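First comes the structure, then the notes that go with it.
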Amino acid sequence: MAKPMPRGYHARTAMRRKGRRPVPLMTRADLEALDRADPLRRFRDRFRLPPGLVYLDGNSLGAMPKAAPARVAQVVEREWGDDLIRSWSRNGWMDLPLRIGAKIGTLIGAAEGETVVADSTSVNLFKALGAALGLRPGRRVILSERGNFPTDLYIAEGLAALVGRGCGLRLVDADEVESALGPDVAVLMLTQVDYRTGRMWDMARLTASAHAAGALTVWDLSHSAGAVPLDLAAAEADFAVGCGYKYLNGGPGAPAFLQVARRHQDRAAMPLTGWLGHAAPFAFEPSFRPADGIGRARVGTPPVISLAALEVGVDLALEASVAALRAKSLRQTELFAALAAQELGGFGFALASPAEAAQRGSQVCLRHEHGWPIVQALAAERVIGDFRAPDILRFGIAPLYIGFAELWDAIAALKRVMAERLWDRPAYRASPTGVT
Ligand SMILES: Cc1ncc(COP(=O)(O)O)c(C=O)c1O
């Protein structure tokens with residue numbers, strides 16, 4: 001169980017953890033100094049963010065790169081407007097899913113030719129799970145964690161019902177996952193960074209355990225891609241999926257990605273067999289023949305305008321480098337948690353994320369019994385976080401555009417919300433929708 005934050009942070013020092021040296025209280029000036037020394041600081045100006053707004057929800061919808069509107073306008077005005085259907089070849093529209101897929105492949109440490117951009121994460125989960133089940137015909141179980149993101153679980157349930165032959169989804173608690181890898185498990189499906197708490201699975205270890213048990217893996221990297229260094233190739237991960245609209249800043253409803261390890265590509269039968277996954281889409285043959293390689297994971301016509309916006313976001317993450325992003329993110333999540341401990345003692349918060357920065361993704365979550373109204377009141381103070389039932393306040397810290405001093409401002413606003421009971425208003429108590 002998460003421990004409540006200790007009371008009594010006062011005088012000039014705070015004990016951050018029992019047995020540690022007293023650490024001086026942080027001030028806003030300390031965080032401003034970190035901003036001045038931040039090698040990624042220049043990226044903030046590449047994003048449009050409303051002045052005075054602290055945006056800690058980039059793990060839900062990433063901020064808009066300033067270059068995105070011009071790129072989208074170019075695709076719409078010139079490529080669509082003037083070049084019309086010729087754009088499929090002249091402007092490389094047909095290649096976008098593989099071209100941007102290759103860039104995301106670099107961000108997630110996939111081998112060349114393993115990643116494509118297509119469809120939504122939910123649909124890609126269906127494709128990956130279906131292909132994985134087909135590669136383990138004697139086994140019937142998709143194993144996952146009870147707290148996994150709902151769409152992952154719902155897709156697995158629906159697919160298992162469709163496949164029949166006794167297939168089903170088995171859910172266990174996080175600490176039981178490895179021991180539940182029995183001889184009937186075909187696929188282990190996990191979200192690498194937990195959407196609620198930010199807790200991070202050790203991908204290499206879990207993949208090795210799954211393989212030792214004869215199972216394949218499907219990793220959901222929605223909260224990892226663009227924030228956490230990954231090495232899918234070294235981990236020998238089998239399949240992976242993830243969102244384009246979170247840390248990749250691809251825009252609302254941006255298409256998702258799907259990675260299939262090369263060793264599986266030519267045997268993996270995709271359960272969705274659309275014409276663009278065909279070996280010769282323009283031969284218009286009456287029967288499906290899968291394309292070689294990752295191309296078979298395509299289904300229908302690519303969403304060109306959305307892909308153009310996504311590429312701008314992906315390019316920014318590549319330019320910054322995941323290693324630099326992670327280094328800043330570790331520092332920021334650590335500081336955010338420390339500031340929460342320093343400033344919010346006595347208000348009833350508990351840390352919901354792992355205490356060690358290395359064990360969480362780029363978010364810090366707090367628990368509070370009045371989480372929903374607090375998040376509403378905080379938004380009125382121009383700090384955007386979000387709420388996940390039953391009691392989690394989620395703060396995503398996108399290191400590409402979030403500064404250190406903003407973390408101070410967010411915690412200061414939260415302190416104000418608590419000290420002045422700004423959350424305790426009927427308007428904020430209306431039942432949560434989950435959307436802030
Ligand atoms: C872990 C995870 N998987 C999947 C999704 C959503 O998938 P889709 O883009 O298909 O709605 C989310 C959305 O927040 C998520 O957090």
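Scheme for the structure tokens: letters A, B, ... for chains in order shown; per-chain residue numbers from 1; ligand numbers from 1 in order shown.
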Check which residues of chain A sit at most 8 Å from ligand 1 using only C-alpha atoms and all ligand atoms, and return one row each with the closest pair of atoms and their distance in Å to one decimal, ordered by chain and rising number, as a Markdown table.
| residue | atom | partner | partner_atom_place_in_ligand_line | distance |
| --- | --- | --- | --- | --- |
| A:Asn59 | CA | ligand 1 | 14 (O) | 7.9 |
| A:Ser60 | CA | ligand 1 | 14 (O) | 5.9 |
| A:Ser120 | CA | ligand 1 | 10 (O) | 4.4 |
| A:Thr121 | CA | ligand 1 | 10 (O) | 3.9 |
| A:Ser122 | CA | ligand 1 | 10 (O) | 3.6 |
| A:Val123 | CA | ligand 1 | 10 (O) | 6.4 |
| A:Asn124 | CA | ligand 1 | 10 (O) | 7.9 |
| A:Asn148 | CA | ligand 1 | 1 (C) | 7.3 |
| A:Phe149 | CA | ligand 1 | 1 (C) | 5.0 |
| A:Pro150 | CA | ligand 1 | 3 (N) | 7.7 |
| A:Thr151 | CA | ligand 1 | 4 (C) | 6.0 |
| A:Asp152 | CA | ligand 1 | 3 (N) | 6.3 |
| A:Thr191 | CA | ligand 1 | 1 (C) | 5.7 |
| A:Val193 | CA | ligand 1 | 1 (C) | 7.6 |
| A:Asp194 | CA | ligand 1 | 1 (C) | 7.0 |
| A:Tyr195 | CA | ligand 1 | 16 (O) | 5.3 |
| A:Asp220 | CA | ligand 1 | 1 (C) | 6.0 |
| A:Leu221 | CA | ligand 1 | 1 (C) | 6.9 |
| A:Ser222 | CA | ligand 1 | 1 (C) | 5.0 |
| A:His223 | CA | ligand 1 | 1 (C) | 6.3 |
| A:Gly242 | CA | ligand 1 | 3 (N) | 6.6 |
| A:Cys243 | CA | ligand 1 | 9 (O) | 5.6 |
| A:Gly244 | CA | ligand 1 | 9 (O) | 7.9 |
| A:Tyr245 | CA | ligand 1 | 9 (O) | 8.0 |
| A:Gly253 | CA | ligand 1 | 9 (O) | 6.6 |
| A:Ala254 | CA | ligand 1 | 9 (O) | 7.9 |
| A:Pro255 | CA | ligand 1 | 9 (O) | 7.7 |
| A:Ala256 | CA | ligand 1 | 9 (O) | 6.8 |
Requested in this report: Would you mind listing what lies within 12 Å of Glu369 of chain A as a list in words, with only C-alpha atoms counted and same-chain residues fewer than 4 positions away left out?
Outcome: Pro4, Phe347, Gly348, Phe349, Ala350, Pro373, Ile374, Val375, Phe387, Arg388, Ala389, Pro390, Asp391, Ile392, Leu393, Trp423 and Arg429 of chain A
Requested in this report: Write down as a ChimeraX atom specification the residues belonging to segment 167-290 of chain A that are assigned helix (DSSP H, G or I) by DSSP computed on the backbone.
Outcome: /A:174-176,178-180,203-212,232-235,262-265,275-277,281-283
With C-alpha atoms kept, could you save the residues just selected as an mmCIF file, in the first residue's frame?
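That gives us again_4.cif:
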data_model
loop_
_atom_site.group_PDB
_atom_site.id
_atom_site.type_symbol
_atom_site.label_atom_id
_atom_site.label_comp_id
_atom_site.auth_asym_id
_atom_site.auth_seq_id
_atom_site.Cartn_x
_atom_site.Cartn_y
_atom_site.Cartn_z
ATOM 1 C CA ALA A 174 1.021 -7.708 -11.428
ATOM 2 C CA ASP A 175 3.108 -9.709 -8.957
ATOM 3 C CA GLU A 176 1.651 -12.989 -10.214
ATOM 4 C CA GLU A 178 5.596 -14.444 -14.093
ATOM 5 C CA SER A 179 4.332 -17.387 -12.061
ATOM 6 C CA ALA A 180 1.173 -17.549 -14.218
ATOM 7 C CA MET A 203 10.656 -5.648 -20.863
ATOM 8 C CA ALA A 204 13.761 -7.782 -21.369
ATOM 9 C CA ARG A 205 13.094 -9.830 -18.253
ATOM 10 C CA LEU A 206 9.397 -10.440 -18.863
ATOM 11 C CA THR A 207 9.999 -11.260 -22.506
ATOM 12 C CA ALA A 208 12.670 -13.780 -21.512
ATOM 13 C CA SER A 209 10.305 -15.341 -18.942
ATOM 14 C CA ALA A 210 7.525 -15.572 -21.542
ATOM 15 C CA HIS A 211 9.876 -17.181 -24.061
ATOM 16 C CA ALA A 212 11.166 -19.635 -21.467
ATOM 17 C CA LEU A 232 12.998 -4.217 -28.536
ATOM 18 C CA ALA A 233 15.672 -5.913 -30.591
ATOM 19 C CA ALA A 234 17.865 -6.765 -27.588
ATOM 20 C CA ALA A 235 14.811 -7.876 -25.594
ATOM 21 C CA ARG A 262 11.443 -9.980 -38.310
ATOM 22 C CA ARG A 263 11.665 -13.640 -37.348
ATOM 23 C CA HIS A 264 7.851 -13.784 -37.198
ATOM 24 C CA GLN A 265 6.961 -11.609 -40.147
ATOM 25 C CA TRP A 275 -5.876 -4.799 -49.676
ATOM 26 C CA LEU A 276 -2.885 -2.718 -48.604
ATOM 27 C CA GLY A 277 -1.445 -5.728 -46.784
ATOM 28 C CA PRO A 281 -2.518 -4.318 -53.958
ATOM 29 C CA PHE A 282 -2.937 -2.929 -57.449
ATOM 30 C CA ALA A 283 -3.196 -6.327 -59.101
#
Query - Atom-to-atom span, atom CA of Leu31 of chain A and atom CA of Arg326 of chain A, Å - result: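 The value is 17.9 Å.
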Report task. Mind checking which residues fall within 10 Å of segment 91-94 of chain A, counting only C-alpha atoms, ignoring those fewer than 3 positions away in the same chain, and posting them as a ChimeraX atom specification? Result -> /A:75,78-80,83-88,97-99,276,301-305,307-308
Query raised in the report: Pick the closest to Ala269 of chain A from A:Arg289, A:Arg46, A:Arg360, A:Arg416: which is it, counting only C-alpha atoms?
Result: A:Arg289
